[in-house]
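Structure below is run22.pdb: PDB, C-alpha atoms, pLDDT in the B column.
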MODEL        1
ATOM      1  CA  MET A 182      36.723 214.298 123.043  1.00 57.00           C
ATOM      2  CA  ILE A 183      39.327 215.486 125.534  1.00 64.00           C
ATOM      3  CA  CYS A 184      37.617 216.716 128.699  1.00 64.00           C
ATOM      4  CA  ASP A 185      38.303 220.109 130.168  1.00 54.00           C
ATOM      5  CA  VAL A 186      39.574 219.096 133.612  1.00 53.00           C
ATOM      6  CA  THR A 187      38.786 222.555 134.946  1.00 52.00           C
ATOM      7  CA  ASP A 188      35.126 221.652 134.416  1.00 51.00           C
ATOM      8  CA  PRO A 189      34.947 217.892 135.201  1.00 57.00           C
ATOM      9  CA  VAL A 190      31.884 215.757 134.625  1.00 70.00           C
ATOM     10  CA  PRO A 191      29.533 216.650 137.497  1.00 73.00           C
ATOM     11  CA  GLY A 192      29.332 213.891 140.082  1.00 80.00           C
ATOM     12  CA  ALA A 193      32.147 211.813 138.605  1.00 89.00           C
ATOM     13  CA  ILE A 194      33.582 209.436 141.246  1.00 92.00           C
ATOM     14  CA  PRO A 195      37.383 209.716 141.626  1.00 96.00           C
ATOM     15  CA  ALA A 196      39.046 206.342 141.081  1.00 97.00           C
ATOM     16  CA  ALA A 197      42.431 204.871 140.272  1.00 98.00           C
ATOM     17  CA  THR A 198      43.765 201.696 138.720  1.00 97.00           C
ATOM     18  CA  LEU A 199      47.206 200.131 138.413  1.00 98.00           C
ATOM     19  CA  ILE A 200      48.538 198.354 135.339  1.00 98.00           C
ATOM     20  CA  VAL A 201      51.159 195.945 136.687  1.00 98.00           C
ATOM     21  CA  LEU A 202      53.508 194.543 134.054  1.00 98.00           C
ATOM     22  CA  CYS A 203      55.650 191.449 134.556  1.00 97.00           C
ATOM     23  CA  ALA A 204      58.606 190.642 132.304  1.00 95.00           C
ATOM     24  CA  THR A 205      58.445 187.284 130.519  1.00 95.00           C
ATOM     25  CA  PRO A 206      61.301 185.428 128.810  1.00 92.00           C
ATOM     26  CA  GLY A 207      61.320 186.117 125.088  1.00 88.00           C
ATOM     27  CA  GLY A 208      57.872 187.637 124.871  1.00 92.00           C
ATOM     28  CA  PRO A 209      55.764 190.690 125.653  1.00 96.00           C
ATOM     29  CA  PRO A 210      55.149 191.507 129.306  1.00 97.00           C
ATOM     30  CA  ALA A 211      52.260 189.904 131.123  1.00 98.00           C
ATOM     31  CA  VAL A 212      49.682 192.222 132.632  1.00 98.00           C
ATOM     32  CA  LEU A 213      47.795 191.549 135.858  1.00 97.00           C
ATOM     33  CA  MET A 214      44.025 191.274 135.400  1.00 97.00           C
ATOM     34  CA  VAL A 215      41.379 190.556 138.018  1.00 95.00           C
ATOM     35  CA  GLN A 216      37.866 189.351 137.259  1.00 92.00           C
ATOM     36  CA  ARG A 217      35.086 191.309 138.916  1.00 80.00           C
ATOM     37  CA  SER A 218      32.578 189.307 140.917  1.00 72.00           C
ATOM     38  CA  ARG A 219      29.290 188.817 139.101  1.00 65.00           C
ATOM     39  CA  ALA A 220      27.554 190.227 142.156  1.00 57.00           C
ATOM     40  CA  MET A 221      29.160 193.647 141.667  1.00 57.00           C
ATOM     41  CA  ALA A 222      27.024 196.526 140.383  1.00 54.00           C
ATOM     42  CA  PHE A 223      29.764 197.866 138.075  1.00 64.00           C
ATOM     43  CA  ALA A 224      31.514 195.764 135.395  1.00 60.00           C
ATOM     44  CA  ALA A 225      30.203 192.492 136.849  1.00 64.00           C
ATOM     45  CA  GLY A 226      32.221 189.522 135.570  1.00 77.00           C
ATOM     46  CA  ALA A 227      34.621 191.700 133.570  1.00 88.00           C
ATOM     47  CA  LEU A 228      38.403 191.468 133.509  1.00 95.00           C
ATOM     48  CA  VAL A 229      39.881 194.741 134.767  1.00 95.00           C
ATOM     49  CA  PHE A 230      43.126 196.097 136.162  1.00 97.00           C
ATOM     50  CA  PRO A 231      43.243 196.268 139.981  1.00 96.00           C
ATOM     51  CA  GLY A 232      41.704 199.499 141.220  1.00 95.00           C
ATOM     52  CA  GLY A 233      38.772 201.280 142.787  1.00 94.00           C
ATOM     53  CA  ARG A 234      37.482 204.478 144.312  1.00 95.00           C
ATOM     54  CA  VAL A 235      39.669 207.079 145.972  1.00 97.00           C
ATOM     55  CA  ASP A 236      38.896 207.024 149.717  1.00 96.00           C
ATOM     56  CA  PRO A 237      39.060 209.976 152.133  1.00 95.00           C
ATOM     57  CA  GLY A 238      41.985 208.203 153.813  1.00 95.00           C
ATOM     58  CA  ASP A 239      43.882 208.221 150.525  1.00 97.00           C
ATOM     59  CA  ARG A 240      43.572 212.011 150.456  1.00 96.00           C
ATOM     60  CA  LEU A 241      44.891 212.258 154.000  1.00 95.00           C
ATOM     61  CA  LEU A 242      47.933 210.162 153.116  1.00 96.00           C
ATOM     62  CA  ALA A 243      48.526 212.184 149.938  1.00 96.00           C
ATOM     63  CA  GLY A 244      48.682 215.435 151.907  1.00 94.00           C
ATOM     64  CA  THR A 245      49.530 218.397 149.693  1.00 93.00           C
ATOM     65  CA  ALA A 246      49.811 216.185 146.576  1.00 95.00           C
ATOM     66  CA  GLY A 247      46.089 216.747 145.970  1.00 95.00           C
ATOM     67  CA  ASP A 248      43.917 214.715 143.606  1.00 96.00           C
ATOM     68  CA  GLU A 249      46.866 213.226 141.740  1.00 97.00           C
ATOM     69  CA  GLY A 250      48.550 212.098 144.935  1.00 98.00           C
ATOM     70  CA  ALA A 251      45.323 210.673 146.336  1.00 98.00           C
ATOM     71  CA  ALA A 252      44.789 208.658 143.155  1.00 98.00           C
ATOM     72  CA  ARG A 253      48.293 207.200 143.381  1.00 98.00           C
ATOM     73  CA  VAL A 254      47.696 206.174 147.002  1.00 98.00           C
ATOM     74  CA  ALA A 255      44.358 204.620 146.026  1.00 98.00           C
ATOM     75  CA  ALA A 256      45.991 202.626 143.203  1.00 98.00           C
ATOM     76  CA  ILE A 257      48.612 201.299 145.635  1.00 98.00           C
ATOM     77  CA  ARG A 258      46.036 200.438 148.300  1.00 98.00           C
ATOM     78  CA  GLU A 259      43.597 198.767 145.895  1.00 96.00           C
ATOM     79  CA  THR A 260      46.336 196.631 144.341  1.00 97.00           C
ATOM     80  CA  LEU A 261      47.347 195.450 147.798  1.00 97.00           C
ATOM     81  CA  GLU A 262      43.737 194.706 148.754  1.00 95.00           C
ATOM     82  CA  GLU A 263      42.713 193.006 145.512  1.00 95.00           C
ATOM     83  CA  ALA A 264      45.886 191.166 144.506  1.00 96.00           C
ATOM     84  CA  GLY A 265      48.148 191.024 147.574  1.00 96.00           C
ATOM     85  CA  LEU A 266      50.968 192.944 145.867  1.00 97.00           C
ATOM     86  CA  ALA A 267      52.942 195.751 147.493  1.00 97.00           C
ATOM     87  CA  ILE A 268      53.538 198.043 144.517  1.00 97.00           C
ATOM     88  CA  GLY A 269      54.766 201.509 145.492  1.00 97.00           C
ATOM     89  CA  LEU A 270      55.277 200.278 149.065  1.00 96.00           C
ATOM     90  CA  ASP A 271      58.285 199.316 151.145  1.00 97.00           C
ATOM     91  CA  LEU A 272      57.292 196.869 153.882  1.00 97.00           C
ATOM     92  CA  PRO A 273      59.292 195.093 156.576  1.00 97.00           C
ATOM     93  CA  ALA A 274      59.582 191.355 156.041  1.00 96.00           C
ATOM     94  CA  GLY A 275      56.498 189.393 157.024  1.00 96.00           C
ATOM     95  CA  THR A 276      54.120 192.363 157.181  1.00 97.00           C
ATOM     96  CA  LEU A 277      52.384 192.207 153.790  1.00 97.00           C
ATOM     97  CA  GLU A 278      49.683 189.739 154.791  1.00 96.00           C
ATOM     98  CA  PRO A 279      48.964 191.409 158.165  1.00 97.00           C
ATOM     99  CA  LEU A 280      48.636 194.738 156.354  1.00 97.00           C
ATOM    100  CA  ARG A 281      46.298 193.262 153.759  1.00 96.00           C
ATOM    101  CA  ALA A 282      44.223 191.622 156.513  1.00 96.00           C
ATOM    102  CA  ALA A 283      43.962 194.920 158.379  1.00 96.00           C
ATOM    103  CA  LEU A 284      42.667 196.658 155.249  1.00 95.00           C
ATOM    104  CA  SER A 285      40.180 193.838 154.678  1.00 93.00           C
ATOM    105  CA  ALA A 286      38.941 194.347 158.242  1.00 94.00           C
ATOM    106  CA  GLY A 287      38.299 198.035 157.559  1.00 93.00           C
ATOM    107  CA  GLU A 288      41.399 199.523 159.163  1.00 95.00           C
ATOM    108  CA  PRO A 289      42.340 202.922 157.626  1.00 95.00           C
ATOM    109  CA  PHE A 290      45.307 202.555 155.269  1.00 97.00           C
ATOM    110  CA  GLY A 291      47.452 205.159 157.025  1.00 96.00           C
ATOM    111  CA  ARG A 292      46.959 203.609 160.465  1.00 96.00           C
ATOM    112  CA  ALA A 293      47.536 200.070 159.193  1.00 97.00           C
ATOM    113  CA  LEU A 294      50.651 201.113 157.300  1.00 97.00           C
ATOM    114  CA  ALA A 295      52.100 202.885 160.319  1.00 97.00           C
ATOM    115  CA  ALA A 296      51.402 199.841 162.505  1.00 97.00           C
ATOM    116  CA  VAL A 297      53.609 197.610 160.337  1.00 97.00           C
ATOM    117  CA  GLY A 298      56.292 200.252 159.750  1.00 98.00           C
ATOM    118  CA  GLY A 299      55.702 200.536 156.003  1.00 97.00           C
ATOM    119  CA  THR A 300      56.418 203.506 153.751  1.00 97.00           C
ATOM    120  CA  LEU A 301      54.638 204.748 150.639  1.00 97.00           C
ATOM    121  CA  HIS A 302      56.456 205.489 147.384  1.00 97.00           C
ATOM    122  CA  PRO A 303      53.788 206.835 145.029  1.00 97.00           C
ATOM    123  CA  GLU A 304      56.497 208.302 142.773  1.00 97.00           C
ATOM    124  CA  ARG A 305      57.153 204.774 141.492  1.00 97.00           C
ATOM    125  CA  LEU A 306      53.835 204.846 139.613  1.00 98.00           C
ATOM    126  CA  VAL A 307      53.917 206.290 136.097  1.00 98.00           C
ATOM    127  CA  PRO A 308      50.796 208.142 134.888  1.00 98.00           C
ATOM    128  CA  PHE A 309      49.403 206.416 131.792  1.00 98.00           C
ATOM    129  CA  ALA A 310      45.850 207.638 131.163  1.00 97.00           C
ATOM    130  CA  ARG A 311      42.756 209.265 132.613  1.00 97.00           C
ATOM    131  CA  TRP A 312      39.235 208.333 131.557  1.00 96.00           C
ATOM    132  CA  ILE A 313      35.777 209.706 132.365  1.00 94.00           C
ATOM    133  CA  PRO A 314      33.328 207.535 130.368  1.00 86.00           C
ATOM    134  CA  PRO A 315      29.933 209.297 130.802  1.00 71.00           C
ATOM    135  CA  HIS A 316      27.871 206.231 129.954  1.00 59.00           C
ATOM    136  CA  ARG A 317      25.699 206.066 133.083  1.00 53.00           C
ATOM    137  CA  GLU A 318      24.519 209.254 134.677  1.00 47.00           C
ATOM    138  CA  SER A 319      24.319 207.660 138.118  1.00 54.00           C
ATOM    139  CA  ARG A 320      27.749 205.954 138.005  1.00 75.00           C
ATOM    140  CA  VAL A 321      30.430 207.940 136.215  1.00 87.00           C
ATOM    141  CA  PHE A 322      34.037 207.263 137.245  1.00 91.00           C
ATOM    142  CA  ASP A 323      36.955 209.635 136.827  1.00 95.00           C
ATOM    143  CA  THR A 324      39.708 207.025 136.681  1.00 96.00           C
ATOM    144  CA  ARG A 325      43.446 207.617 136.560  1.00 98.00           C
ATOM    145  CA  PHE A 326      45.552 204.754 135.193  1.00 98.00           C
ATOM    146  CA  TYR A 327      49.137 204.142 136.289  1.00 98.00           C
ATOM    147  CA  LEU A 328      51.948 201.833 135.157  1.00 98.00           C
ATOM    148  CA  ALA A 329      54.266 199.837 137.415  1.00 98.00           C
ATOM    149  CA  ALA A 330      56.657 196.942 137.000  1.00 97.00           C
ATOM    150  CA  LEU A 331      56.228 193.858 139.156  1.00 97.00           C
ATOM    151  CA  PRO A 332      59.163 193.765 141.639  1.00 94.00           C
ATOM    152  CA  VAL A 333      61.453 190.785 141.112  1.00 92.00           C
ATOM    153  CA  ASP A 334      60.945 189.694 144.723  1.00 91.00           C
ATOM    154  CA  ALA A 335      57.153 190.051 144.721  1.00 95.00           C
ATOM    155  CA  PRO A 336      55.139 187.159 146.194  1.00 94.00           C
ATOM    156  CA  PRO A 337      52.553 185.381 144.047  1.00 94.00           C
ATOM    157  CA  ALA A 338      49.484 187.526 143.497  1.00 95.00           C
ATOM    158  CA  SER A 339      46.282 186.255 145.103  1.00 93.00           C
ATOM    159  CA  VAL A 340      42.669 187.281 144.606  1.00 88.00           C
ATOM    160  CA  ASP A 341      40.714 188.868 147.463  1.00 80.00           C
ATOM    161  CA  GLY A 342      37.645 186.656 146.933  1.00 71.00           C
ATOM    162  CA  THR A 343      35.163 189.472 147.549  1.00 76.00           C
ATOM    163  CA  GLU A 344      35.049 192.124 144.809  1.00 75.00           C
ATOM    164  CA  ASN A 345      37.094 189.868 142.533  1.00 78.00           C
ATOM    165  CA  ASP A 346      36.978 186.114 142.196  1.00 81.00           C
ATOM    166  CA  ARG A 347      39.823 185.327 139.761  1.00 88.00           C
ATOM    167  CA  LEU A 348      43.126 186.784 138.646  1.00 93.00           C
ATOM    168  CA  LEU A 349      45.469 186.023 135.804  1.00 93.00           C
ATOM    169  CA  TRP A 350      48.716 187.104 134.212  1.00 97.00           C
ATOM    170  CA  ALA A 351      48.597 187.257 130.419  1.00 97.00           C
ATOM    171  CA  SER A 352      49.890 189.416 127.615  1.00 98.00           C
ATOM    172  CA  ALA A 353      47.580 192.211 126.496  1.00 98.00           C
ATOM    173  CA  ARG A 354      47.230 190.456 123.150  1.00 97.00           C
ATOM    174  CA  ASP A 355      46.154 187.218 124.803  1.00 97.00           C
ATOM    175  CA  VAL A 356      43.536 188.983 126.943  1.00 97.00           C
ATOM    176  CA  LEU A 357      42.141 190.648 123.812  1.00 97.00           C
ATOM    177  CA  ALA A 358      42.088 187.287 122.022  1.00 97.00           C
ATOM    178  CA  GLU A 359      40.124 185.763 124.901  1.00 95.00           C
ATOM    179  CA  ALA A 360      37.624 188.624 124.706  1.00 94.00           C
ATOM    180  CA  ASP A 361      37.315 188.271 120.923  1.00 94.00           C
ATOM    181  CA  ALA A 362      36.626 184.546 121.356  1.00 94.00           C
ATOM    182  CA  GLY A 363      33.868 185.257 123.866  1.00 92.00           C
ATOM    183  CA  ARG A 364      35.748 183.660 126.760  1.00 93.00           C
ATOM    184  CA  ALA A 365      36.337 186.938 128.622  1.00 91.00           C
ATOM    185  CA  SER A 366      34.426 190.154 129.192  1.00 92.00           C
ATOM    186  CA  VAL A 367      36.316 193.452 128.798  1.00 94.00           C
ATOM    187  CA  ILE A 368      34.736 196.903 129.141  1.00 92.00           C
ATOM    188  CA  PHE A 369      35.432 199.699 126.649  1.00 94.00           C
ATOM    189  CA  PRO A 370      38.178 201.640 128.528  1.00 95.00           C
ATOM    190  CA  THR A 371      39.984 198.421 129.510  1.00 96.00           C
ATOM    191  CA  ARG A 372      39.910 197.198 125.923  1.00 96.00           C
ATOM    192  CA  ARG A 373      41.332 200.443 124.550  1.00 97.00           C
ATOM    193  CA  ASN A 374      44.122 200.360 127.134  1.00 98.00           C
ATOM    194  CA  LEU A 375      44.889 196.699 126.400  1.00 98.00           C
ATOM    195  CA  GLU A 376      45.175 197.557 122.692  1.00 98.00           C
ATOM    196  CA  ARG A 377      47.649 200.281 123.588  1.00 98.00           C
ATOM    197  CA  LEU A 378      49.605 197.961 125.903  1.00 98.00           C
ATOM    198  CA  ALA A 379      49.763 195.345 123.144  1.00 98.00           C
ATOM    199  CA  LEU A 380      52.084 197.688 121.233  1.00 97.00           C
ATOM    200  CA  PHE A 381      54.881 197.328 123.802  1.00 97.00           C
ATOM    201  CA  ASP A 382      57.465 194.589 124.265  1.00 96.00           C
ATOM    202  CA  SER A 383      58.538 195.718 127.745  1.00 96.00           C
ATOM    203  CA  HIS A 384      57.598 197.837 130.741  1.00 97.00           C
ATOM    204  CA  ALA A 385      60.279 200.331 129.642  1.00 97.00           C
ATOM    205  CA  ALA A 386      58.629 200.706 126.239  1.00 97.00           C
ATOM    206  CA  ALA A 387      55.251 201.314 127.870  1.00 97.00           C
ATOM    207  CA  VAL A 388      56.770 203.978 130.137  1.00 97.00           C
ATOM    208  CA  ALA A 389      58.448 205.659 127.153  1.00 97.00           C
ATOM    209  CA  ASP A 390      55.090 205.809 125.372  1.00 96.00           C
ATOM    210  CA  ALA A 391      53.396 207.210 128.472  1.00 96.00           C
ATOM    211  CA  LEU A 392      56.005 209.963 128.683  1.00 95.00           C
ATOM    212  CA  ALA A 393      55.565 210.708 124.974  1.00 94.00           C
ATOM    213  CA  HIS A 394      51.807 211.215 125.390  1.00 92.00           C
ATOM    214  CA  PRO A 395      51.070 213.558 128.314  1.00 89.00           C
ATOM    215  CA  VAL A 396      47.903 212.439 130.060  1.00 94.00           C
ATOM    216  CA  ALA A 397      44.750 214.091 128.726  1.00 93.00           C
ATOM    217  CA  THR A 398      41.359 213.267 130.200  1.00 94.00           C
ATOM    218  CA  ILE A 399      39.399 211.108 127.761  1.00 95.00           C
ATOM    219  CA  CYS A 400      35.607 211.400 127.529  1.00 93.00           C
ATOM    220  CA  PRO A 401      34.200 208.900 124.977  1.00 93.00           C
ATOM    221  CA  TRP A 402      31.309 210.070 122.819  1.00 93.00           C
ATOM    222  CA  ILE A 403      28.741 208.542 120.445  1.00 93.00           C
ATOM    223  CA  GLU A 404      29.022 209.324 116.735  1.00 95.00           C
ATOM    224  CA  ASP A 405      26.809 208.260 113.824  1.00 96.00           C
ATOM    225  CA  ARG A 406      28.735 206.709 110.921  1.00 94.00           C
ATOM    226  CA  ASP A 407      26.805 205.489 107.887  1.00 92.00           C
ATOM    227  CA  GLY A 408      23.732 204.834 109.961  1.00 93.00           C
ATOM    228  CA  GLU A 409      25.574 203.055 112.772  1.00 94.00           C
ATOM    229  CA  ARG A 410      26.400 204.372 116.234  1.00 95.00           C
ATOM    230  CA  TRP A 411      30.070 204.273 117.207  1.00 96.00           C
ATOM    231  CA  LEU A 412      31.675 204.872 120.589  1.00 94.00           C
ATOM    232  CA  CYS A 413      34.721 207.079 119.990  1.00 95.00           C
ATOM    233  CA  ILE A 414      37.732 208.626 121.693  1.00 96.00           C
ATOM    234  CA  ALA A 415      40.108 211.348 120.530  1.00 94.00           C
ATOM    235  CA  GLU A 416      42.989 210.648 118.139  1.00 95.00           C
ATOM    236  CA  GLY A 417      46.616 211.364 118.959  1.00 94.00           C
ATOM    237  CA  LEU A 418      46.671 210.065 122.537  1.00 94.00           C
ATOM    238  CA  GLY A 419      48.603 206.862 121.881  1.00 95.00           C
ATOM    239  CA  TYR A 420      45.632 204.553 121.260  1.00 97.00           C
ATOM    240  CA  PRO A 421      45.756 202.437 118.073  1.00 97.00           C
ATOM    241  CA  VAL A 422      41.962 201.948 118.054  1.00 97.00           C
ATOM    242  CA  THR A 423      39.803 205.005 118.677  1.00 97.00           C
ATOM    243  CA  ALA A 424      36.307 203.804 117.775  1.00 96.00           C
ATOM    244  CA  GLU A 425      34.101 200.738 118.242  1.00 95.00           C
ATOM    245  CA  ARG A 426      30.533 200.028 117.184  1.00 93.00           C
ATOM    246  CA  GLU A 427      28.277 200.800 120.128  1.00 91.00           C
ATOM    247  CA  ALA A 428      26.500 197.476 119.632  1.00 89.00           C
ATOM    248  CA  SER A 429      29.684 195.546 120.385  1.00 88.00           C
ATOM    249  CA  ALA A 430      31.135 197.845 123.063  1.00 87.00           C
ATOM    250  CA  LEU A 431      30.805 196.644 126.638  1.00 79.00           C
ATOM    251  CA  ARG A 432      30.353 199.764 128.715  1.00 71.00           C
ATOM    252  CA  GLY A 433      30.151 198.377 132.236  1.00 60.00           C
TER     253      GLY A 433
ENDMDL
END
Can you turn what I pasted into structure tokens?
Amino acid sequence: MICDVTDPVPGAIPAATLIVLCATPGGPPAVLMVQRSRAMAFAAGALVFPGGRVDPGDRLLAGTAGDEGAARVAAIRETLEEAGLAIGLDLPAGTLEPLRAALSAGEPFGRALAAVGGTLHPERLVPFARWIPPHRESRVFDTRFYLAALPVDAPPASVDGTENDRLLWASARDVLAEADAGRASVIFPTRRNLERLALFDSHAAAVADALAHPVATICPWIEDRDGERWLCIAEGLGYPVTAEREASALRG
């Protein structure tokens, strides 16, 4: 179903994630994935896009931009923390690692950013999707997904070694193939978004698709089909696969 955002899922935790696409010669873009630590309570060991909860500091930095602005700031901050990439940020030379270290030490994002003379550019993120999978009453995330291209001068991405213990660049199709072969773990929303990303041969094509499908909040539901339970999402939102047997769906 498509959720009524005027009446969100009670207790849903605001979160944001960034889909970073990197152009490759003669092939589909590579997407940045990080592997969640097996010690984490949510999606332990799964490959996910960089992201996490929206913090109070993200709301302060967003100002009058509200929930949408706060989610963009959170996506930028989490990508910096988890992968060492300044997406949606302009930073003076030599300040990326000090900024990342300050965040790791618990410094508020706004204060740390001001200390290094950096500026936020949340408008560089393109809204792609919004999901509220109500699969665990005690841990329901309201996650906004954004698209961004990897800057040509970006440094190599590096894992944070705390929440995530591995990162990789691979095409969406290759990540799905790894999951199908049992060599990777991918939760239901990530899988559906990878299937959608696999349709595109460039970041520009992904952005065009995002603009063609205005973001609607997706709330998966369970449906009985011929005696089997299926986890489903609404049609018409740009996703080539809209249902998966519950028995095979990894829900986090």
Carefully work through the PyMOL selection byres ((chain A and resi 420) around 8) for this structure and note down the residues it includes, as a ChimeraX atom specification. /A:373-374,376-377,416-419,421-423
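Taking only C-alpha atoms into account, A:Phe326 lies nearest to A:Ala252 out of the set A:Ala353, A:Ala252, A:Leu213, A:Ala430.
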For A:Pro336, find every residue with an atom within 10 Å (counting all atoms listed in the file), except residues of its own chain fewer than 4 positions away, and show them as a VMD selection string. chain A and resid 265 to 267 277 331 to 332
With C-alpha atoms retained, export the selected residues as a compact mmCIF listing (two decimals), in the frame of the given file.
# COMPACT_ATOMS: atom_id res chain seq x y z
CA GLY A 265 48.15 191.02 147.57
CA LEU A 266 50.97 192.94 145.87
CA ALA A 267 52.94 195.75 147.49
CA LEU A 277 52.38 192.21 153.79
CA LEU A 331 56.23 193.86 139.16
CA PRO A 332 59.16 193.76 141.64
Residues selected by the PyMOL selection byres ((chain A and resi 379) around 12), written as number ranges by chain: A: 202, 208-212, 351-358, 372-378, 380-384, 386-387, 390, 419-422
Point-to-point distance in Å for atom CA of A:Thr371 and atom CA of A:Val340: 19.0 Å
Any chance you could work out the residue set of the PyMOL selection byres ((chain A and resi 300) around 7) here, as a list of chain:residue names?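 That selection, the PyMOL selection byres ((chain A and resi 300) around 7), comes back as A:Leu270, A:Asp271, A:Leu272, A:Gly298, A:Gly299, A:Leu301, A:His302.
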If the box runs along x, y and z of the file and leaves 5 Å on each side of stretch 411-420 of chain A, what are its centre and edge lengths in Å, one decimal, as AutoDock Vina command-line options?
--center_x 39.3 --center_y 207.8 --center_z 119.9 --size_x 28.5 --size_y 17.1 --size_z 15.3
